[in-house]
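Dropping entry_24.txt in here (compact mmCIF, C-alpha atoms (C1' of nucleotides)):
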```txt
# COMPACT_ATOMS: atom_id res chain seq x y z
CA MET Q 1190 126.54 148.49 84.74
CA SER Q 1191 123.21 146.97 85.68
CA PHE Q 1192 122.59 143.25 85.83
CA GLY Q 1193 119.14 143.72 84.36
CA GLN Q 1194 120.51 145.46 81.30
CA THR Q 1195 123.24 142.87 80.88
CA PHE Q 1196 120.98 139.84 81.24
CA LYS Q 1197 118.45 141.45 78.89
CA ALA Q 1198 121.21 142.00 76.34
CA LEU Q 1199 122.12 138.31 76.61
CA SER Q 1200 118.52 137.13 76.30
CA ASP Q 1201 118.41 137.72 72.54
CA PRO Q 1202 119.79 134.99 70.25
CA VAL Q 1203 121.14 137.44 67.68
CA ARG Q 1204 123.09 139.27 70.34
CA ARG Q 1205 124.48 136.06 71.82
CA GLU Q 1206 125.62 135.04 68.36
CA ILE Q 1207 127.27 138.42 67.84
CA LEU Q 1208 129.21 137.91 71.06
CA THR Q 1209 130.19 134.41 69.97
CA LEU Q 1210 131.48 135.84 66.67
CA LEU Q 1211 133.56 138.35 68.59
CA LYS Q 1212 135.29 135.58 70.54
CA THR Q 1213 137.66 135.22 67.57
CA GLY Q 1214 138.55 138.92 67.68
CA ARG Q 1215 137.36 142.35 66.69
CA MET Q 1216 135.02 142.73 63.73
CA SER Q 1217 133.45 145.64 61.88
CA ALA Q 1218 129.70 146.27 62.04
CA GLY Q 1219 129.33 145.28 58.38
CA GLU Q 1220 131.30 142.08 58.83
CA ILE Q 1221 129.10 141.16 61.80
CA GLY Q 1222 125.99 141.94 59.80
CA SER Q 1223 127.08 139.69 56.91
CA HIS Q 1224 126.56 136.70 59.25
CA PHE Q 1225 122.85 137.47 59.64
CA ASP Q 1226 119.83 137.73 57.38
CA MET Q 1227 118.87 141.17 58.68
CA THR Q 1228 119.36 144.76 57.69
CA GLY Q 1229 122.37 146.74 58.82
CA ALA Q 1230 120.02 148.98 60.78
CA THR Q 1231 118.82 146.04 62.84
CA ILE Q 1232 122.38 144.88 63.52
CA SER Q 1233 123.24 148.42 64.53
CA TYR Q 1234 120.34 148.35 66.98
CA HIS Q 1235 121.60 145.10 68.53
CA LEU Q 1236 125.13 146.46 68.76
CA SER Q 1237 123.83 149.52 70.58
CA ILE Q 1238 122.16 147.26 73.15
CA LEU Q 1239 125.39 145.32 73.65
CA LYS Q 1240 127.28 148.59 73.94
CA LYS Q 1241 124.89 149.98 76.56
CA ALA Q 1242 125.29 146.74 78.51
CA ASP Q 1243 129.04 147.28 78.24
CA LEU Q 1244 129.44 143.82 76.73
CA VAL Q 1245 131.33 145.24 73.74
CA HIS Q 1246 133.64 148.15 73.04
CA GLU Q 1247 133.91 150.00 69.78
CA SER Q 1248 136.82 151.66 68.03
CA LYS Q 1249 136.88 153.56 64.75
CA TYR Q 1250 139.38 153.12 61.97
CA LYS Q 1251 138.95 154.74 58.57
CA ASN Q 1252 135.40 154.25 57.47
CA PHE Q 1253 134.76 151.33 59.80
CA ILE Q 1254 133.60 150.83 63.36
CA TYR Q 1255 135.13 147.78 64.98
CA TYR Q 1256 133.55 145.94 67.85
CA GLU Q 1257 135.21 143.71 70.40
CA LEU Q 1258 134.14 141.73 73.43
CA ASN Q 1259 134.45 143.25 76.88
CA THR Q 1260 134.99 140.29 79.14
CA SER Q 1261 135.11 142.19 82.43
CA VAL Q 1262 131.32 142.48 82.56
CA VAL Q 1263 131.06 138.76 81.85
CA GLU Q 1264 133.12 138.17 84.97
CA GLU Q 1265 130.79 140.30 87.09
CA LEU Q 1266 127.85 138.28 85.83
CA MET Q 1267 129.59 135.04 86.70
CA ALA Q 1268 130.30 136.37 90.18
CA TRP Q 1269 126.59 137.17 90.65
CA LEU Q 1270 125.60 133.69 89.50
CA SER Q 1271 128.24 132.10 91.67
CA ASP Q 1272 126.91 133.98 94.69
CA LEU Q 1273 123.40 132.80 93.84
CA LYS Q 1274 124.57 129.22 94.00
CA GLY Q 1275 125.85 130.03 97.47
CA MET C 107 116.62 124.50 78.73
CA SER C 108 117.28 127.42 76.44
CA PHE C 109 119.82 130.11 77.23
CA GLY C 110 117.51 132.76 75.80
CA GLN C 111 114.71 131.79 78.16
CA THR C 112 117.06 131.64 81.13
CA PHE C 113 118.75 134.98 80.47
CA LYS C 114 115.35 136.57 79.87
CA ALA C 115 114.11 135.18 83.18
CA LEU C 116 117.14 136.74 84.88
CA SER C 117 116.70 140.09 83.17
CA ASP C 118 113.80 141.13 85.43
CA PRO C 119 114.64 142.68 88.83
CA VAL C 120 111.66 141.10 90.58
CA ARG C 121 112.68 137.65 89.40
CA ARG C 122 116.31 138.16 90.42
CA GLU C 123 115.10 139.22 93.87
CA ILE C 124 112.91 136.13 94.11
CA LEU C 125 115.93 133.97 93.37
CA THR C 126 117.96 135.85 95.97
CA LEU C 127 115.22 135.21 98.53
CA LEU C 128 115.32 131.52 97.69
CA LYS C 129 119.04 131.34 98.48
CA THR C 130 118.08 130.96 102.13
CA GLY C 131 115.84 128.00 101.35
CA ARG C 132 112.42 127.03 100.05
CA MET C 133 109.54 129.45 100.39
CA SER C 134 105.84 129.39 99.61
CA ALA C 135 104.36 131.57 96.86
CA GLY C 136 102.58 133.73 99.42
CA GLU C 137 105.70 134.18 101.52
CA ILE C 138 107.61 135.23 98.42
CA GLY C 139 104.83 137.63 97.48
CA SER C 140 104.87 139.28 100.91
CA HIS C 141 108.31 140.69 100.06
CA PHE C 142 106.92 142.66 97.14
CA ASP C 143 104.38 145.41 96.62
CA MET C 144 102.54 143.49 93.89
CA THR C 145 99.50 141.27 93.64
CA GLY C 146 99.77 137.53 94.11
CA ALA C 147 98.77 137.11 90.49
CA THR C 148 101.80 139.06 89.35
CA ILE C 149 104.11 137.05 91.60
CA SER C 150 102.55 133.89 90.23
CA TYR C 151 103.32 135.12 86.73
CA HIS C 152 106.98 135.71 87.62
CA LEU C 153 107.23 132.32 89.29
CA SER C 154 105.88 130.69 86.13
CA ILE C 155 108.64 132.37 84.10
CA LEU C 156 111.29 131.14 86.54
CA LYS C 157 109.76 127.68 86.42
CA LYS C 158 109.76 127.58 82.61
CA ALA C 159 113.40 128.63 82.69
CA ASP C 160 113.98 125.77 85.12
CA LEU C 161 115.54 128.16 87.60
CA VAL C 162 113.17 126.99 90.34
CA HIS C 163 111.38 123.80 91.31
CA GLU C 164 108.05 123.60 93.04
CA SER C 165 106.63 121.14 95.54
CA LYS C 166 103.20 121.05 97.11
CA TYR C 167 102.45 120.54 100.76
CA LYS C 168 99.00 121.04 102.25
CA ASN C 169 97.54 124.20 100.84
CA PHE C 170 100.90 125.68 99.86
CA ILE C 171 103.20 125.55 96.90
CA TYR C 172 106.84 125.81 97.86
CA TYR C 173 109.52 127.06 95.53
CA GLU C 174 113.23 126.39 95.67
CA LEU C 175 116.26 127.32 93.62
CA ASN C 176 117.54 124.96 90.95
CA THR C 177 121.24 125.63 90.80
CA SER C 178 122.09 123.22 87.99
CA VAL C 179 120.83 125.65 85.35
CA VAL C 180 122.88 128.39 86.97
CA GLU C 181 125.94 126.22 86.40
CA GLU C 182 125.13 125.79 82.72
CA LEU C 183 124.85 129.54 82.38
CA MET C 184 128.20 130.02 84.05
CA ALA C 185 129.74 127.49 81.69
CA TRP C 186 128.39 129.42 78.68
CA LEU C 187 129.77 132.68 80.03
CA SER C 188 133.09 131.07 80.84
CA ASP C 189 133.34 129.77 77.28
CA LEU C 190 132.57 133.25 75.99
CA LYS C 191 135.52 134.62 77.91
CA GLY C 192 137.64 132.04 76.10
C1' DA F 190 79.08 119.67 102.74
C1' DA F 191 80.22 124.53 103.28
C1' DA F 192 83.36 128.02 103.94
C1' DG F 193 88.00 129.60 104.07
C1' DT F 194 92.87 130.02 102.43
C1' DA F 195 96.58 129.76 98.86
C1' DT F 196 97.55 130.02 94.37
C1' DT F 197 96.81 130.14 89.43
C1' DT F 198 94.41 131.44 85.07
C1' DA F 199 92.04 134.65 81.88
C1' DG F 200 91.55 138.87 79.86
C1' DA F 201 92.73 143.60 79.31
C1' DA F 202 95.69 147.83 79.44
C1' DA F 203 100.19 150.00 79.40
C1' DT F 204 104.78 149.68 78.09
C1' DA F 205 108.91 147.68 75.87
C1' DT F 206 111.25 145.12 72.18
C1' DT F 207 112.43 143.84 67.58
C1' DT F 208 112.34 144.60 62.98
C1' DC F 209 111.83 147.20 58.76
C1' DT F 210 112.39 151.28 55.29
C1' DA F 211 114.04 155.70 54.45
C1' DA F 212 116.92 159.33 55.60
C1' DA F 213 121.03 161.26 57.95
C1' DT F 214 125.97 161.33 59.21
C1' DA F 215 130.84 160.64 58.76
C1' DG F 216 134.73 159.51 56.62
C1' DA F 217 137.36 157.99 52.12
C1' DT F 218 138.36 158.19 47.42
C1' DA F 219 138.17 159.86 42.73
C1' DT Z 512 134.32 169.07 45.58
C1' DA Z 513 131.37 165.31 44.44
C1' DT Z 514 130.39 160.83 45.22
C1' DC Z 515 130.77 156.41 47.29
C1' DT Z 516 130.87 153.32 51.39
C1' DA Z 517 129.95 152.14 56.27
C1' DT Z 518 127.14 152.88 59.84
C1' DT Z 519 123.63 155.07 62.67
C1' DT Z 520 119.20 157.46 63.59
C1' DA Z 521 114.16 158.23 63.09
C1' DG Z 522 109.74 156.65 62.68
C1' DA Z 523 106.45 153.08 62.18
C1' DA Z 524 104.44 148.34 62.53
C1' DA Z 525 104.23 143.86 64.71
C1' DT Z 526 104.97 141.32 68.68
C1' DA Z 527 106.15 140.43 73.56
C1' DT Z 528 106.25 141.68 78.46
C1' DT Z 529 104.49 143.26 82.77
C1' DT Z 530 100.94 144.44 85.59
C1' DC Z 531 96.23 144.64 87.20
C1' DT Z 532 91.29 142.90 88.48
C1' DA Z 533 88.14 139.28 88.55
C1' DA Z 534 87.24 134.59 88.37
C1' DA Z 535 88.65 129.74 88.76
C1' DT Z 536 90.94 125.78 91.06
C1' DA Z 537 92.48 123.06 94.76
C1' DC Z 538 93.13 121.78 99.10
C1' DT Z 539 91.82 122.33 104.41
C1' DT Z 540 89.23 122.97 108.16
C1' DT Z 541 84.89 123.43 110.51
```
Could you express the structure from this file as structure tokens?
Amino acid sequence: MSFGQTFKALSDPVRREILTLLKTGRMSAGEIGSHFDMTGATISYHLSILKKADLVHESKYKNFIYYELNTSVVEELMAWLSDLKG
Amino acid sequence: MSFGQTFKALSDPVRREILTLLKTGRMSAGEIGSHFDMTGATISYHLSILKKADLVHESKYKNFIYYELNTSVVEELMAWLSDLKG
DNA sequence: AAAGTATTTAGAAATATTTCTAAATAGATA
DNA sequence: TATCTATTTAGAAATATTTCTAAATACTTT
């Protein structure tokens, strides 16, 4: 994990909203996309950024790919910020 | 304050290092710049991003401009992350 | 007032990001 | 097997970011 990658992932409003959606539980890529006025390809791009930042995990079932929050990275970020505060 | 702006400010390694430097206390723009292998103009650019994100405050004294951490925004960020964890 | 020091602003070049359309892949169903 | 559905990948266009050099601003000291 790199803080730069993680903060960059969080800097985009679409990606923050995706994470907020995932607070309620896992969701398929298509279901996530239905909340936005963008193509599936664009949503897929954003999910790949969140995945690289390790902010989400994916699991496959039938034809679908489900995404879910990975909160452990969020904790590392909070620890960094907490240390910054001193 | 906007979370997007703040996370974007934190996504750059130079800016995170500037903030880390400021943990020890206020520092002038030139003093900050001396820690990096970049022109003063570039450091000034990064400081302006941190300022817009409200992550630092500036104060002038004599010929110098001093920068210092603003931790209140850091707290807001932590609150957002904490809420994300649920 | 003139010259010096600290910092920012402007403009340009290189690189990165975000979005789209079209095509590819992978799995499910008829 | 053929086709349909869900999702990703590739490639391109528009925009944003990061860095530099050169010039401008602002304050201090001589």
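With distances taken over all atoms listed in the file, C:Ala115 is the one residue among C:Ala147, C:Ala115, C:Ile138, C:Leu153 lying closest to chain Q.
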Selection near region 523-525 of chain Z, 10 Å with all atoms listed in the file, sequence-local residues under 2 positions removed, as a count of residues only: 6
Residue hits in chain Q, query chain Z, radius 12 Å, only C-alpha atoms (C1' of nucleotides), as a list of chain:residue names: Q:Ser1217, Q:Ala1218, Q:Gly1219, Q:Glu1220, Q:Gly1222, Q:Thr1228, Q:Gly1229, Q:Ala1230, Q:Thr1231, Q:Ile1232, Q:Ser1233, Q:Tyr1234, Q:His1235, Q:Leu1236, Q:Ser1237, Q:Lys1249, Q:Tyr1250, Q:Lys1251, Q:Asn1252, Q:Phe1253, Q:Ile1254, Q:Tyr1255
Define the interface residues of chain Q facing chain C as those within 9 Å, counting all atoms listed in the file, and report them as a short mmCIF file (atom, residue, chain, number, x, y, z; two decimals) with C-alpha atoms, in the coordinates of the input.
```
data_model
loop_
_atom_site.label_atom_id
_atom_site.label_comp_id
_atom_site.auth_asym_id
_atom_site.auth_seq_id
_atom_site.Cartn_x
_atom_site.Cartn_y
_atom_site.Cartn_z
CA PHE Q 1192 122.59 143.25 85.83
CA GLY Q 1193 119.14 143.72 84.36
CA GLN Q 1194 120.51 145.46 81.30
CA THR Q 1195 123.24 142.87 80.88
CA PHE Q 1196 120.98 139.84 81.24
CA LYS Q 1197 118.45 141.45 78.89
CA ALA Q 1198 121.21 142.00 76.34
CA LEU Q 1199 122.12 138.31 76.61
CA SER Q 1200 118.52 137.13 76.30
CA ASP Q 1201 118.41 137.72 72.54
CA PRO Q 1202 119.79 134.99 70.25
CA ARG Q 1205 124.48 136.06 71.82
CA LEU Q 1208 129.21 137.91 71.06
CA THR Q 1209 130.19 134.41 69.97
CA LYS Q 1212 135.29 135.58 70.54
CA LEU Q 1258 134.14 141.73 73.43
CA ASN Q 1259 134.45 143.25 76.88
CA THR Q 1260 134.99 140.29 79.14
CA SER Q 1261 135.11 142.19 82.43
CA VAL Q 1263 131.06 138.76 81.85
CA GLU Q 1264 133.12 138.17 84.97
CA LEU Q 1266 127.85 138.28 85.83
CA MET Q 1267 129.59 135.04 86.70
CA LEU Q 1270 125.60 133.69 89.50
CA SER Q 1271 128.24 132.10 91.67
CA LEU Q 1273 123.40 132.80 93.84
CA LYS Q 1274 124.57 129.22 94.00
CA GLY Q 1275 125.85 130.03 97.47
#
```
I'm after chain C in the frame of chain Q: fit it by least squares over all Cα atoms matched in order, and give me the output as an mmCIF file with C-alpha atoms, in the frame of the given file.
```
data_model
loop_
_atom_site.group_PDB
_atom_site.id
_atom_site.type_symbol
_atom_site.label_atom_id
_atom_site.label_comp_id
_atom_site.auth_asym_id
_atom_site.auth_seq_id
_atom_site.Cartn_x
_atom_site.Cartn_y
_atom_site.Cartn_z
ATOM 1 C CA MET C 107 126.561 148.457 84.705
ATOM 2 C CA SER C 108 123.228 146.979 85.662
ATOM 3 C CA PHE C 109 122.615 143.250 85.838
ATOM 4 C CA GLY C 110 119.142 143.718 84.381
ATOM 5 C CA GLN C 111 120.515 145.454 81.307
ATOM 6 C CA THR C 112 123.247 142.862 80.877
ATOM 7 C CA PHE C 113 120.985 139.831 81.254
ATOM 8 C CA LYS C 114 118.467 141.430 78.898
ATOM 9 C CA ALA C 115 121.216 142.004 76.341
ATOM 10 C CA LEU C 116 122.130 138.316 76.614
ATOM 11 C CA SER C 117 118.543 137.138 76.316
ATOM 12 C CA ASP C 118 118.414 137.727 72.543
ATOM 13 C CA PRO C 119 119.783 134.983 70.249
ATOM 14 C CA VAL C 120 121.134 137.438 67.683
ATOM 15 C CA ARG C 121 123.091 139.286 70.346
ATOM 16 C CA ARG C 122 124.479 136.072 71.835
ATOM 17 C CA GLU C 123 125.611 135.049 68.348
ATOM 18 C CA ILE C 124 127.277 138.421 67.842
ATOM 19 C CA LEU C 125 129.212 137.913 71.056
ATOM 20 C CA THR C 126 130.187 134.411 69.960
ATOM 21 C CA LEU C 127 131.477 135.829 66.674
ATOM 22 C CA LEU C 128 133.547 138.351 68.595
ATOM 23 C CA LYS C 129 135.296 135.584 70.538
ATOM 24 C CA THR C 130 137.641 135.213 67.580
ATOM 25 C CA GLY C 131 138.540 138.896 67.686
ATOM 26 C CA ARG C 132 137.355 142.349 66.684
ATOM 27 C CA MET C 133 135.021 142.738 63.740
ATOM 28 C CA SER C 134 133.452 145.637 61.887
ATOM 29 C CA ALA C 135 129.700 146.279 62.024
ATOM 30 C CA GLY C 136 129.315 145.282 58.385
ATOM 31 C CA GLU C 137 131.293 142.083 58.833
ATOM 32 C CA ILE C 138 129.119 141.180 61.802
ATOM 33 C CA GLY C 139 125.998 141.960 59.796
ATOM 34 C CA SER C 140 127.078 139.702 56.928
ATOM 35 C CA HIS C 141 126.567 136.716 59.243
ATOM 36 C CA PHE C 142 122.879 137.485 59.627
ATOM 37 C CA ASP C 143 119.857 137.732 57.371
ATOM 38 C CA MET C 144 118.883 141.171 58.692
ATOM 39 C CA THR C 145 119.368 144.768 57.662
ATOM 40 C CA GLY C 146 122.372 146.743 58.825
ATOM 41 C CA ALA C 147 120.021 148.973 60.769
ATOM 42 C CA THR C 148 118.821 146.038 62.826
ATOM 43 C CA ILE C 149 122.378 144.885 63.506
ATOM 44 C CA SER C 150 123.237 148.424 64.522
ATOM 45 C CA TYR C 151 120.337 148.346 66.959
ATOM 46 C CA HIS C 152 121.593 145.106 68.527
ATOM 47 C CA LEU C 153 125.125 146.457 68.743
ATOM 48 C CA SER C 154 123.815 149.524 70.571
ATOM 49 C CA ILE C 155 122.147 147.258 73.149
ATOM 50 C CA LEU C 156 125.381 145.315 73.649
ATOM 51 C CA LYS C 157 127.270 148.581 73.944
ATOM 52 C CA LYS C 158 124.870 149.979 76.554
ATOM 53 C CA ALA C 159 125.274 146.750 78.497
ATOM 54 C CA ASP C 160 129.025 147.274 78.228
ATOM 55 C CA LEU C 161 129.425 143.825 76.731
ATOM 56 C CA VAL C 162 131.313 145.252 73.748
ATOM 57 C CA HIS C 163 133.641 148.150 73.044
ATOM 58 C CA GLU C 164 133.908 149.998 69.783
ATOM 59 C CA SER C 165 136.828 151.647 68.029
ATOM 60 C CA LYS C 166 136.884 153.553 64.773
ATOM 61 C CA TYR C 167 139.384 153.116 61.997
ATOM 62 C CA LYS C 168 138.969 154.697 58.576
ATOM 63 C CA ASN C 169 135.406 154.245 57.479
ATOM 64 C CA PHE C 170 134.737 151.316 59.806
ATOM 65 C CA ILE C 171 133.596 150.825 63.345
ATOM 66 C CA TYR C 172 135.124 147.780 64.968
ATOM 67 C CA TYR C 173 133.538 145.943 67.846
ATOM 68 C CA GLU C 174 135.206 143.715 70.393
ATOM 69 C CA LEU C 175 134.131 141.735 73.421
ATOM 70 C CA ASN C 176 134.435 143.244 76.881
ATOM 71 C CA THR C 177 134.973 140.291 79.150
ATOM 72 C CA SER C 178 135.094 142.181 82.442
ATOM 73 C CA VAL C 179 131.304 142.475 82.561
ATOM 74 C CA VAL C 180 131.047 138.767 81.840
ATOM 75 C CA GLU C 181 133.112 138.177 84.969
ATOM 76 C CA GLU C 182 130.785 140.301 87.081
ATOM 77 C CA LEU C 183 127.855 138.281 85.821
ATOM 78 C CA MET C 184 129.601 135.053 86.699
ATOM 79 C CA ALA C 185 130.304 136.378 90.176
ATOM 80 C CA TRP C 186 126.597 137.176 90.661
ATOM 81 C CA LEU C 187 125.601 133.707 89.507
ATOM 82 C CA SER C 188 128.245 132.103 91.676
ATOM 83 C CA ASP C 189 126.923 133.985 94.699
ATOM 84 C CA LEU C 190 123.419 132.809 93.857
ATOM 85 C CA LYS C 191 124.585 129.219 93.996
ATOM 86 C CA GLY C 192 125.852 129.977 97.495
#
```
With N, CA and C atoms as the goal, would you fill in the gaps in region 1233-1256 of chain Q and present it as a compact mmCIF listing (two decimals), in the frame of the given file?
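The resulting file, selection-v3.txt, is shown below:
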```
# COMPACT_ATOMS: atom_id res chain seq x y z
N SER Q 1233 122.80 147.23 63.80
CA SER Q 1233 123.24 148.42 64.53
C SER Q 1233 122.46 148.58 65.84
N TYR Q 1234 121.17 148.30 65.77
CA TYR Q 1234 120.34 148.35 66.98
C TYR Q 1234 120.85 147.34 68.02
N HIS Q 1235 121.12 146.12 67.59
CA HIS Q 1235 121.60 145.10 68.53
C HIS Q 1235 122.96 145.48 69.11
N LEU Q 1236 123.82 146.03 68.26
CA LEU Q 1236 125.13 146.46 68.76
C LEU Q 1236 124.99 147.57 69.80
N SER Q 1237 124.02 148.44 69.60
CA SER Q 1237 123.83 149.52 70.58
C SER Q 1237 123.38 148.97 71.93
N ILE Q 1238 122.59 147.90 71.89
CA ILE Q 1238 122.16 147.26 73.15
C ILE Q 1238 123.36 146.62 73.85
N LEU Q 1239 124.20 145.95 73.08
CA LEU Q 1239 125.39 145.32 73.65
C LEU Q 1239 126.35 146.37 74.20
N LYS Q 1240 126.41 147.50 73.51
CA LYS Q 1240 127.28 148.59 73.94
C LYS Q 1240 126.78 149.18 75.25
N LYS Q 1241 125.46 149.43 75.32
CA LYS Q 1241 124.89 149.98 76.56
C LYS Q 1241 125.10 149.03 77.73
N ALA Q 1242 125.07 147.74 77.45
CA ALA Q 1242 125.29 146.74 78.51
C ALA Q 1242 126.77 146.58 78.81
N ASP Q 1243 127.59 147.30 78.05
CA ASP Q 1243 129.04 147.28 78.24
C ASP Q 1243 129.64 145.91 77.93
N LEU Q 1244 128.93 145.15 77.11
CA LEU Q 1244 129.44 143.82 76.73
C LEU Q 1244 130.39 143.90 75.54
N VAL Q 1245 130.37 145.02 74.83
CA VAL Q 1245 131.33 145.24 73.74
C VAL Q 1245 131.89 146.66 73.82
N HIS Q 1246 133.03 146.83 73.22
CA HIS Q 1246 133.64 148.15 73.04
C HIS Q 1246 133.75 148.42 71.56
N GLU Q 1247 133.74 149.69 71.19
CA GLU Q 1247 133.91 150.00 69.78
C GLU Q 1247 135.13 150.89 69.58
N SER Q 1248 135.72 150.76 68.39
CA SER Q 1248 136.82 151.66 68.03
C SER Q 1248 136.72 151.95 66.55
N LYS Q 1249 137.04 153.16 66.16
CA LYS Q 1249 136.88 153.56 64.75
C LYS Q 1249 138.22 153.54 64.04
N TYR Q 1250 138.18 153.07 62.80
CA TYR Q 1250 139.38 153.12 61.97
C TYR Q 1250 138.93 153.33 60.54
N LYS Q 1251 139.39 154.38 59.91
CA LYS Q 1251 138.95 154.74 58.57
C LYS Q 1251 137.43 154.83 58.56
N ASN Q 1252 136.85 154.17 57.61
CA ASN Q 1252 135.40 154.25 57.47
C ASN Q 1252 134.64 153.26 58.37
N PHE Q 1253 135.37 152.46 59.10
CA PHE Q 1253 134.76 151.33 59.80
C PHE Q 1253 134.64 151.56 61.30
N ILE Q 1254 133.68 150.87 61.91
CA ILE Q 1254 133.60 150.83 63.36
C ILE Q 1254 133.79 149.37 63.77
N TYR Q 1255 134.81 149.14 64.55
CA TYR Q 1255 135.13 147.78 64.98
C TYR Q 1255 134.59 147.53 66.38
N TYR Q 1256 134.08 146.34 66.55
CA TYR Q 1256 133.55 145.94 67.85
C TYR Q 1256 134.39 144.81 68.42
```
